[in-house]
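Notes follow the structure.
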Amino acid sequence: MQLLDGKYLSKIIKAEIAEEVSELKNQGKKIPNLAAILVGENPASAAYVKSKIKSCEQVGFKSTMIKREATITEEELLEIVDQLNNDDDIDGFIVQLPLPGHIDELKVTMAINPDKDVDGFHPLNFGKLAQGLPCFIPATPLGIILMLERYNIPTAGKKCVVVGRSNIVGTPMSILMSRKGKVGDCTVTLAHSRTKDIGKECLEADILIAAIGKPHFIKADMVKEGAVVIDVGINRIEDESSPTGTKIVGDVDFDNVAPKCSFITPVPGGVGLMTVTCLLLNTLKAAKLK
């Protein structure tokens, strides 16, 4: 069993980005600028945005943080989105989800200029992804693709099972794994909460990608010997031995599943770190496209 080390890989890719940014600076070209809009006081969202800003500093990007109270109106938020769309200094921006209940998340996503949609959530980018056209790929699926590529894991002709059908991870992941390419050419099954005998489907997977948002959902008897297991889950559960009383676990029962795998991602330290890194890659791409 070998760990797919997101911490190690993200460090390497960040160094590559930093080198490219340094070259842009030496050539007198524009330095990429990533903006983030944070609404409300959600601790997980705040921590995630903070890590994005820190990552920007590490690679030499400019970063812009826009924080607003949860009481902001939908109209006011859409005005901020419009300002960022028209700000030539901003190469890409994200609106951190979830948003307060009184704000229509789809409406906000639709308002983002697709050329600055470095999260890859806009339907225009999603449609291009589905057709194999150049676009911004959502950061988590892109991170998984890079993991498989950098660790030289063969995918052609393999059976890939993706558990979870969200528009952010599961569905785009299933499309990417089925496409022609260095990472792809899989026969893909997209499993979800209504899948009959989901354990049997998972047991057939050469590559199993768990993105269902349920702690320890994937058990050892659902994974075949030698499988590659990618755990996208980030779930907080109670843990009396922890100083905080909680700990972060994935969608996979790591301790029992890992011995059966050829490769597996840990949680934390796996896909999550790659997600932030790939947001930087998308921002660099947006800056270069301009």
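All residue names refer to the structure tokens as shown: chains lettered A, B, ... in order, residues numbered from 1 in each chain, ligands numbered from 1 in order.
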
Please give the complete set of residues from stretch 192-242 of chain A that DSSP, run on the backbone, assigns to strand (DSSP E or B), formatted as a PDB file with N, CA and C atoms, in the first residue's frame.
ATOM      1  N   ILE A 207     -10.499   1.552  -9.582  1.00  0.00           N
ATOM      2  CA  ILE A 207     -10.282   2.883  -9.016  1.00  0.00           C
ATOM      3  C   ILE A 207     -11.587   3.325  -8.363  1.00  0.00           C
ATOM      4  N   LEU A 208     -11.552   3.566  -7.072  1.00  0.00           N
ATOM      5  CA  LEU A 208     -12.750   3.935  -6.317  1.00  0.00           C
ATOM      6  C   LEU A 208     -12.591   5.346  -5.775  1.00  0.00           C
ATOM      7  N   ILE A 209     -13.508   6.228  -6.163  1.00  0.00           N
ATOM      8  CA  ILE A 209     -13.456   7.632  -5.726  1.00  0.00           C
ATOM      9  C   ILE A 209     -14.683   7.903  -4.847  1.00  0.00           C
ATOM     10  N   ALA A 210     -14.436   8.154  -3.568  1.00  0.00           N
ATOM     11  CA  ALA A 210     -15.512   8.334  -2.599  1.00  0.00           C
ATOM     12  C   ALA A 210     -15.751   9.809  -2.333  1.00  0.00           C
ATOM     13  N   ILE A 218     -17.284   3.934   3.129  1.00  0.00           N
ATOM     14  CA  ILE A 218     -16.666   2.841   2.381  1.00  0.00           C
ATOM     15  C   ILE A 218     -15.930   1.915   3.352  1.00  0.00           C
ATOM     16  N   ALA A 227      -7.019  -2.303  -5.181  1.00  0.00           N
ATOM     17  CA  ALA A 227      -7.729  -1.137  -5.718  1.00  0.00           C
ATOM     18  C   ALA A 227      -7.003   0.162  -5.367  1.00  0.00           C
ATOM     19  N   VAL A 228      -7.235   1.185  -6.205  1.00  0.00           N
ATOM     20  CA  VAL A 228      -6.789   2.544  -5.914  1.00  0.00           C
ATOM     21  C   VAL A 228      -7.981   3.273  -5.306  1.00  0.00           C
ATOM     22  N   VAL A 229      -7.819   3.832  -4.119  1.00  0.00           N
ATOM     23  CA  VAL A 229      -8.940   4.473  -3.423  1.00  0.00           C
ATOM     24  C   VAL A 229      -8.629   5.955  -3.184  1.00  0.00           C
ATOM     25  N   ILE A 230      -9.505   6.808  -3.710  1.00  0.00           N
ATOM     26  CA  ILE A 230      -9.387   8.260  -3.545  1.00  0.00           C
ATOM     27  C   ILE A 230     -10.512   8.720  -2.626  1.00  0.00           C
ATOM     28  N   ASP A 231     -10.148   9.288  -1.488  1.00  0.00           N
ATOM     29  CA  ASP A 231     -11.138   9.711  -0.487  1.00  0.00           C
ATOM     30  C   ASP A 231     -11.273  11.232  -0.513  1.00  0.00           C
ATOM     31  N   ASN A 235     -15.112  15.014   6.898  1.00  0.00           N
ATOM     32  CA  ASN A 235     -16.207  14.943   7.863  1.00  0.00           C
ATOM     33  C   ASN A 235     -15.662  15.130   9.277  1.00  0.00           C
ATOM     34  N   ARG A 236     -16.363  15.935  10.060  1.00  0.00           N
ATOM     35  CA  ARG A 236     -15.949  16.151  11.446  1.00  0.00           C
ATOM     36  C   ARG A 236     -16.796  15.262  12.358  1.00  0.00           C
ATOM     37  N   ILE A 237     -16.120  14.406  13.126  1.00  0.00           N
ATOM     38  CA  ILE A 237     -16.831  13.516  14.040  1.00  0.00           C
ATOM     39  C   ILE A 237     -16.306  13.708  15.464  1.00  0.00           C
ATOM     40  N   GLU A 238     -17.064  13.238  16.438  1.00  0.00           N
ATOM     41  CA  GLU A 238     -16.657  13.356  17.839  1.00  0.00           C
ATOM     42  C   GLU A 238     -15.477  12.442  18.134  1.00  0.00           C
TER      43      GLU A 238
END

Quiz prompt | Close residues, A:Asp87 itself excluded, 12 Å, only C-alpha atoms, min 6 positions apart in chain, as a list in words | solution = Asn33, Leu34, Ala35, Thr64, Ile80, Val81, Phe93, Asn113 and Lys116 of chain A

Practice problem: Give me every helix (DSSP H, G or I) residue in stretch 18-227 of chain A, going by DSSP on the backbone, as JSON, numbers by chain. | Solution: {"A": [18, 19, 20, 21, 22, 23, 24, 25, 26, 43, 44, 45, 46, 47, 48, 49, 50, 51, 52, 53, 54, 55, 56, 57, 58, 59, 74, 75, 76, 77, 78, 79, 80, 81, 82, 83, 84, 85, 105, 106, 107, 108, 109, 110, 111, 114, 115, 116, 123, 124, 125, 126, 127, 128, 129, 130, 139, 140, 141, 142, 143, 144, 145, 146, 147, 148, 149, 150, 170, 171, 172, 173, 174, 175, 176, 177, 178, 198, 199, 200, 201, 202, 203, 220, 221, 222]}

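Across A:Asp115, A:Glu57, A:Asp82, A:Asp221, the tightest approach to A:Pro134 is made by A:Asp115 when counting only C-alpha atoms.
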